file entry_33.cif (mmCIF, C-alpha atoms)
data_model
loop_
_atom_site.label_atom_id
_atom_site.label_comp_id
_atom_site.auth_asym_id
_atom_site.auth_seq_id
_atom_site.Cartn_x
_atom_site.Cartn_y
_atom_site.Cartn_z
CA ASP A 260 119.84 25.25 99.80
CA GLY A 261 118.20 28.51 100.78
CA GLY A 262 114.72 29.07 99.52
CA ILE A 263 110.98 29.00 99.98
CA THR A 264 109.04 25.77 100.05
CA GLN A 265 105.31 25.29 99.74
CA SER A 266 103.34 22.14 100.36
CA PRO A 267 101.47 20.37 99.08
CA LYS A 268 101.89 21.07 95.38
CA TYR A 269 98.30 20.01 94.68
CA LEU A 270 95.44 20.08 97.20
CA PHE A 271 91.85 19.01 96.86
CA ARG A 272 89.14 20.20 99.20
CA LYS A 273 85.56 19.18 99.64
CA GLU A 274 82.88 21.78 100.10
CA GLY A 275 82.71 22.97 103.72
CA GLN A 276 86.21 21.87 104.67
CA ASN A 277 89.03 24.03 105.95
CA VAL A 278 92.46 23.36 104.49
CA THR A 279 95.89 24.68 105.40
CA LEU A 280 98.65 25.51 102.94
CA SER A 281 102.20 25.42 104.20
CA CYS A 282 104.92 27.98 103.47
CA GLU A 283 108.42 27.73 104.93
CA GLN A 284 111.51 29.83 104.23
CA ASN A 285 115.12 29.49 105.37
CA LEU A 286 116.28 32.83 103.98
CA ASN A 287 116.07 34.56 107.38
CA HIS A 288 113.53 36.95 105.87
CA ASP A 289 111.36 39.03 108.17
CA ALA A 290 108.42 39.56 105.80
CA MET A 291 106.18 36.92 104.28
CA TYR A 292 103.22 37.17 101.94
CA TRP A 293 100.37 35.11 100.50
CA TYR A 294 99.04 35.78 97.02
CA ARG A 295 96.23 34.24 95.01
CA GLN A 296 96.41 33.85 91.23
CA ASP A 297 93.35 33.24 89.05
CA PRO A 298 93.42 32.59 85.29
CA GLY A 299 93.94 35.74 83.25
CA GLN A 300 94.74 37.80 86.30
CA GLY A 301 97.80 38.97 88.11
CA LEU A 302 98.53 38.08 91.70
CA ARG A 303 96.35 39.50 94.47
CA LEU A 304 97.53 39.86 98.06
CA ILE A 305 95.67 37.86 100.71
CA TYR A 306 97.71 38.46 103.89
CA TYR A 307 101.18 39.61 104.79
CA SER A 308 103.36 39.58 107.87
CA GLN A 309 106.29 41.87 108.57
CA ILE A 310 107.32 40.27 111.86
CA VAL A 311 106.58 37.26 114.02
CA ASN A 312 103.20 37.33 115.76
CA ASP A 313 101.93 40.14 113.57
CA PHE A 314 100.09 40.12 110.23
CA GLN A 315 97.86 42.35 108.15
CA LYS A 316 95.02 41.79 105.72
CA GLY A 317 95.64 42.29 102.06
CA ASP A 318 93.13 43.03 99.33
CA ILE A 319 91.20 39.74 99.45
CA ALA A 320 91.48 38.43 103.03
CA GLU A 321 87.86 37.34 103.46
CA GLY A 322 87.58 33.60 103.96
CA TYR A 323 91.27 33.17 104.78
CA SER A 324 93.29 33.12 107.99
CA VAL A 325 97.01 33.05 108.79
CA SER A 326 99.41 32.72 111.70
CA ARG A 327 103.04 33.72 112.17
CA GLU A 328 104.33 31.93 115.25
CA LYS A 329 107.80 31.39 113.81
CA LYS A 330 109.92 33.54 111.54
CA GLU A 331 110.33 30.67 109.09
CA SER A 332 106.68 29.71 108.73
CA PHE A 333 103.53 31.44 107.49
CA PRO A 334 100.70 28.94 106.97
CA LEU A 335 97.49 29.95 105.20
CA THR A 336 94.14 28.41 106.08
CA VAL A 337 91.39 28.51 103.49
CA THR A 338 88.15 28.35 105.42
CA SER A 339 84.69 27.22 104.34
CA ALA A 340 83.74 30.91 104.27
CA GLN A 341 85.84 31.39 101.13
CA LYS A 342 83.22 31.01 98.39
CA ASN A 343 85.50 30.42 95.43
CA PRO A 344 88.77 28.98 96.70
CA THR A 345 89.90 27.14 93.56
CA ALA A 346 93.06 28.99 92.53
CA PHE A 347 96.85 28.91 92.52
CA TYR A 348 98.39 30.15 95.77
CA LEU A 349 101.86 31.65 95.97
CA CYS A 350 103.87 32.44 99.06
CA ALA A 351 106.66 35.00 99.02
CA SER A 352 109.22 36.41 101.42
CA ALA A 353 111.39 39.51 101.60
CA SER A 354 114.27 40.58 103.79
CA GLY A 355 112.52 43.54 105.35
CA ARG A 356 115.37 45.92 104.64
CA ALA A 357 113.87 48.38 102.20
CA SER A 358 117.01 48.78 100.12
CA VAL A 359 117.03 45.11 99.20
CA ASP A 360 113.38 44.33 99.71
CA THR A 361 112.70 42.19 96.66
CA GLN A 362 110.07 39.51 97.12
CA TYR A 363 111.03 35.96 96.25
CA PHE A 364 108.40 33.34 95.57
CA GLY A 365 107.83 29.70 96.38
CA PRO A 366 106.70 27.13 93.79
CA GLY A 367 102.99 27.48 94.63
CA THR A 368 100.07 25.27 95.63
CA ARG A 369 97.19 24.49 93.32
CA LEU A 370 93.94 24.22 95.33
CA THR A 371 90.88 22.64 93.77
CA VAL A 372 87.46 22.40 95.39
CA LEU A 373 85.61 19.21 94.51
CA ALA B 196 95.50 53.47 94.75
CA GLN B 197 98.31 52.17 92.65
CA THR B 198 97.49 50.35 89.44
CA VAL B 199 99.65 48.49 86.94
CA THR B 200 98.54 47.99 83.34
CA GLN B 201 99.92 45.55 80.82
CA SER B 202 98.06 46.20 77.58
CA GLN B 203 99.48 43.27 75.60
CA PRO B 204 97.86 39.99 76.71
CA GLU B 205 99.99 38.03 74.23
CA MET B 206 103.18 38.62 72.26
CA SER B 207 105.27 36.46 70.01
CA VAL B 208 108.80 36.78 68.69
CA GLN B 209 111.11 34.82 66.44
CA GLU B 210 113.97 33.07 68.20
CA ALA B 211 117.07 35.31 68.36
CA GLU B 212 115.03 38.46 67.71
CA THR B 213 114.23 41.27 70.15
CA VAL B 214 110.87 41.89 71.78
CA THR B 215 109.56 44.64 74.04
CA LEU B 216 106.82 44.15 76.61
CA SER B 217 104.91 47.21 77.78
CA CYS B 218 103.88 48.26 81.26
CA THR B 219 102.39 51.47 82.62
CA TYR B 220 101.55 52.29 86.19
CA ASP B 221 99.76 54.92 88.18
CA THR B 222 100.98 56.23 91.52
CA SER B 223 101.22 59.45 93.48
CA GLU B 224 104.42 58.31 95.20
CA SER B 225 107.84 59.55 94.12
CA ASP B 226 109.92 56.74 95.61
CA TYR B 227 109.13 53.19 94.59
CA TYR B 228 110.41 50.03 92.95
CA LEU B 229 109.34 48.37 89.72
CA PHE B 230 109.84 44.73 88.86
CA TRP B 231 109.45 42.29 86.02
CA TYR B 232 108.71 38.72 87.02
CA LYS B 233 108.65 35.69 84.74
CA GLN B 234 106.25 32.79 85.28
CA PRO B 235 107.17 29.74 83.14
CA PRO B 236 104.87 26.71 82.80
CA SER B 237 106.12 25.48 86.18
CA ARG B 238 104.24 28.52 87.56
CA GLN B 239 106.99 29.62 89.92
CA MET B 240 107.48 33.39 89.83
CA ILE B 241 111.06 34.29 88.99
CA LEU B 242 112.48 37.78 89.33
CA VAL B 243 113.83 39.03 86.00
CA ILE B 244 114.84 42.59 86.75
CA ARG B 245 114.15 45.43 89.16
CA GLN B 246 114.37 49.22 88.90
CA GLU B 247 114.57 51.79 91.66
CA ALA B 248 112.58 54.90 90.79
CA TYR B 249 115.28 57.27 92.07
CA LYS B 250 117.81 55.87 89.62
CA GLN B 251 117.81 57.44 86.19
CA GLN B 252 119.90 54.69 84.67
CA ASN B 253 117.90 51.83 83.20
CA ALA B 254 118.49 48.44 84.80
CA THR B 255 120.08 45.66 82.76
CA GLU B 256 120.49 41.95 83.44
CA ASN B 257 122.25 40.12 80.63
CA ARG B 258 119.74 39.94 77.72
CA PHE B 259 117.05 41.75 79.70
CA SER B 260 116.84 45.52 79.98
CA VAL B 261 114.21 48.07 80.84
CA ASN B 262 113.17 51.43 79.49
CA PHE B 263 112.05 53.37 82.56
CA GLN B 264 110.27 56.63 81.83
CA LYS B 265 109.32 58.07 85.22
CA ALA B 266 107.42 61.11 83.96
CA ALA B 267 105.38 58.95 81.61
CA LYS B 268 105.01 56.21 84.26
CA SER B 269 106.17 53.64 81.78
CA PHE B 270 108.36 50.60 82.44
CA SER B 271 108.92 48.37 79.40
CA LEU B 272 111.00 45.19 79.28
CA LYS B 273 113.25 44.45 76.32
CA ILE B 274 114.42 40.91 75.72
CA SER B 275 117.29 40.63 73.27
CA ASP B 276 118.35 37.49 71.41
CA SER B 277 115.15 35.71 72.46
CA GLN B 278 115.55 32.07 73.43
CA LEU B 279 113.06 29.23 73.65
CA GLY B 280 113.44 29.26 77.43
CA ASP B 281 112.11 32.82 77.54
CA ALA B 282 108.61 31.58 76.74
CA ALA B 283 106.49 32.42 79.80
CA MET B 284 104.02 34.82 81.32
CA TYR B 285 105.67 38.10 82.23
CA PHE B 286 104.28 40.25 85.02
CA CYS B 287 105.10 43.85 85.76
CA ALA B 288 104.86 44.83 89.43
CA TYR B 289 105.08 47.97 91.55
CA ARG B 290 105.98 48.50 95.20
CA PRO B 291 106.25 51.77 97.14
CA ASN B 292 109.48 52.28 99.05
CA PHE B 293 108.29 52.28 102.61
CA GLY B 294 108.27 49.16 104.71
CA ASN B 295 107.22 45.79 103.42
CA GLU B 296 104.36 47.00 101.30
CA LYS B 297 102.65 44.68 98.90
CA LEU B 298 103.46 44.23 95.26
CA THR B 299 100.78 45.40 92.85
CA PHE B 300 100.81 43.27 89.71
CA GLY B 301 99.64 43.77 86.16
CA THR B 302 97.59 41.09 84.45
CA GLY B 303 100.55 39.68 82.55
CA THR B 304 101.77 39.20 78.97
CA ARG B 305 102.11 35.72 77.55
CA LEU B 306 105.29 35.55 75.45
CA THR B 307 105.65 32.88 72.78
CA ILE B 308 108.99 32.19 71.12
CA ILE B 309 108.76 31.00 67.51
CA PRO B 310 111.60 28.63 66.54
#
call {"tool": "encode", "arguments": {"input": "entry_33.cif", "output": "structure tokens"}}
result
Amino acid sequence: DGGITQSPKYLFRKEGQNVTLSCEQNLNHDAMYWYRQDPGQGLRLIYYSQIVNDFQKGDIAEGYSVSREKKESFPLTVTSAQKNPTAFYLCASASGRASVDTQYFGPGTRLTVL
Amino acid sequence: AQTVTQSQPEMSVQEAETVTLSCTYDTSESDYYLFWYKQPPSRQMILVIRQEAYKQQNATENRFSVNFQKAAKSFSLKISDSQLGDAAMYFCAYRPNFGNEKLTFGTGTRLTIIP
């Protein structure tokens, strides 16, 4: 099946630890995105990548890092510098062709800081 | 900067009735896309419908249709014959039509279906 997978579904982090959230897609999409969702708010963009080995900061990039070494993968690391990391994280991808450039989302990862 | 406003935090509708969710946006661009996404309790974001700003005809997908008023910057979602499975958070989103620009989301409307 084609789609976007995120793992793990639930993640617990201790204070001061870095954690990495996985996002993989087999849709042959060029663009990938990471969003954060907090209660009562819409999604906010953390990072996005339009092509392998290139990525740009979104609106709330501080305390996060990403890599894009493969077209299929766009992992997000939540570092200890992120002061309030407890949230729901959603990964998305899009084809990169503007005429059909709808973003499709993975099932999400719920991160909780203990 | 683009902004998207959903002024109805919560809505409810009787099963089989029709409900309209409101969305307004602010942009200086003339070419863009608008989307409605549904987020059920599973929390996965599911695309409901999309509208290209250059198209005057309102988009329709089965029981879902939009009322796109470009001059008023309004983009409402109408759900006809509401079903229990329609219960979810609904998010309106905007994206300019150049490159892989980000989606700008509203804060969402929680829709409850009353049996």
call {"tool": "residues_around", "arguments": {"input": "entry_33.cif", "residues": "Ala266 (chain B)", "least_positions_apart": "4", "cutoff": "12 Å", "atoms": "all atoms listed in the file", "output": "list of chain:residue names"}}
result
B:Thr219, B:Tyr220, B:Asp221, B:Thr222, B:Ser223, B:Glu224, B:Ser225, B:Ala248, B:Tyr249, B:Gln251, B:Phe270
call {"tool": "closest_residue", "arguments": {"input": "entry_33.cif", "among": "B:Tyr232, B:Tyr285, B:Phe293, B:Tyr227", "to": "Lys250 (chain B)", "atoms": "only C-alpha atoms"}}
result
B:Tyr227
call {"tool": "atom_distance", "arguments": {"input": "entry_33.cif", "atom1": "CA of Ser275 (chain B)", "atom2": "CA of Arg258 (chain B)"}}
result
5.1 Å
call {"tool": "interface_residues", "arguments": {"input": "entry_33.cif", "of": "chain A", "to": "chain B", "cutoff": "9 Å", "atoms": "all atoms listed in the file", "output": "count of residues only"}}
result
29
call {"tool": "resolve_selection", "arguments": {"input": "entry_33.cif", "expression": "the PyMOL selection byres ((chain A and resi 341-344) around 9)", "output": "list in words"}}
result
Glu321, Gly322, Tyr323, Val337, Thr338, Ser339, Ala340, Thr345, Ala346, Leu370, Thr371 and Val372 of chain A
call {"tool": "closest_residue", "arguments": {"input": "entry_33.cif", "among": "B:Cys218, B:Ile244, B:Ile308, B:Met206", "to": "Ser277 (chain B)", "atoms": "only C-alpha atoms"}}
result
B:Ile308
call {"tool": "atom_distance", "arguments": {"input": "entry_33.cif", "atom1": "CA of Val214 (chain B)", "atom2": "CA of Asn253 (chain B)"}}
result
16.7 Å
call {"tool": "decode", "arguments": {"input": "entry_33.cif", "residues": "region 338-366 of chain A", "atoms": "N, CA and C atoms", "output": "CSV table (one decimal), in the first residue's frame"}}
result
chain,number,residue,atom,x,y,z
A,338,THR,N,15.2,18.1,20.3
A,338,THR,CA,16.3,18.2,21.1
A,338,THR,C,16.0,18.7,22.5
A,339,SER,N,16.9,18.7,23.4
A,339,SER,CA,16.7,19.2,24.8
A,339,SER,C,16.5,20.7,24.8
A,340,ALA,N,16.8,21.4,23.7
A,340,ALA,CA,16.6,22.8,23.6
A,340,ALA,C,15.2,23.2,23.4
A,341,GLN,N,14.3,22.2,23.1
A,341,GLN,CA,12.9,22.5,22.9
A,341,GLN,C,12.3,22.5,24.3
A,342,LYS,N,11.8,23.6,24.7
A,342,LYS,CA,11.3,23.8,26.1
A,342,LYS,C,10.0,23.2,26.4
A,343,ASN,N,9.2,23.0,25.4
A,343,ASN,CA,7.8,22.5,25.7
A,343,ASN,C,7.5,21.5,24.6
A,344,PRO,N,8.1,20.3,24.6
A,344,PRO,CA,8.0,19.4,23.4
A,344,PRO,C,6.7,18.5,23.4
A,345,THR,N,6.0,18.5,24.5
A,345,THR,CA,4.8,17.6,24.6
A,345,THR,C,3.8,18.1,23.6
A,346,ALA,N,3.5,17.3,22.6
A,346,ALA,CA,2.6,17.7,21.6
A,346,ALA,C,2.3,16.5,20.7
A,347,PHE,N,1.5,16.7,19.7
A,347,PHE,CA,1.2,15.7,18.7
A,347,PHE,C,1.9,16.1,17.4
A,348,TYR,N,2.7,15.2,16.8
A,348,TYR,CA,3.5,15.6,15.6
A,348,TYR,C,3.0,14.9,14.4
A,349,LEU,N,2.8,15.6,13.4
A,349,LEU,CA,2.3,15.1,12.1
A,349,LEU,C,3.3,15.3,11.0
A,350,CYS,N,3.5,14.3,10.2
A,350,CYS,CA,4.4,14.4,9.0
A,350,CYS,C,3.5,14.4,7.8
A,351,ALA,N,3.9,15.1,6.8
A,351,ALA,CA,3.1,15.1,5.5
A,351,ALA,C,4.0,15.1,4.3
A,352,SER,N,3.5,14.7,3.2
A,352,SER,CA,4.3,14.8,2.0
A,352,SER,C,3.4,15.3,0.8
A,353,ALA,N,4.0,15.8,-0.2
A,353,ALA,CA,3.3,16.3,-1.4
A,353,ALA,C,4.2,16.0,-2.6
A,354,SER,N,3.5,15.9,-3.8
A,354,SER,CA,4.2,15.5,-5.0
A,354,SER,C,5.3,16.5,-5.5
A,355,GLY,N,5.1,17.7,-5.2
A,355,GLY,CA,6.0,18.7,-5.7
A,355,GLY,C,5.6,19.3,-7.0
A,356,ARG,N,4.6,18.8,-7.7
A,356,ARG,CA,4.1,19.4,-8.9
A,356,ARG,C,2.9,20.3,-8.5
A,357,ALA,N,3.1,21.5,-8.7
A,357,ALA,CA,2.1,22.5,-8.1
A,357,ALA,C,0.7,22.2,-8.4
A,358,SER,N,0.4,21.7,-9.6
A,358,SER,CA,-1.0,21.5,-10.0
A,358,SER,C,-1.6,20.4,-9.2
A,359,VAL,N,-0.9,19.5,-8.6
A,359,VAL,CA,-1.5,18.4,-7.8
A,359,VAL,C,-0.9,18.4,-6.4
A,360,ASP,N,-0.4,19.6,-5.9
A,360,ASP,CA,0.4,19.6,-4.7
A,360,ASP,C,-0.4,19.6,-3.4
A,361,THR,N,-1.2,18.6,-3.3
A,361,THR,CA,-2.0,18.4,-2.0
A,361,THR,C,-1.1,17.7,-1.0
A,362,GLN,N,-1.1,18.1,0.2
A,362,GLN,CA,-0.3,17.4,1.2
A,362,GLN,C,-1.2,16.3,1.9
A,363,TYR,N,-0.5,15.2,2.0
A,363,TYR,CA,-1.2,14.0,2.6
A,363,TYR,C,-0.4,13.7,3.9
A,364,PHE,N,-1.2,13.3,4.9
A,364,PHE,CA,-0.6,13.2,6.3
A,364,PHE,C,-0.4,11.8,6.7
A,365,GLY,N,0.6,11.6,7.6
A,365,GLY,CA,0.7,10.3,8.3
A,365,GLY,C,-0.2,10.3,9.5
A,366,PRO,N,-0.1,9.2,10.3
A,366,PRO,CA,-1.0,9.0,11.4
A,366,PRO,C,-0.6,9.7,12.7
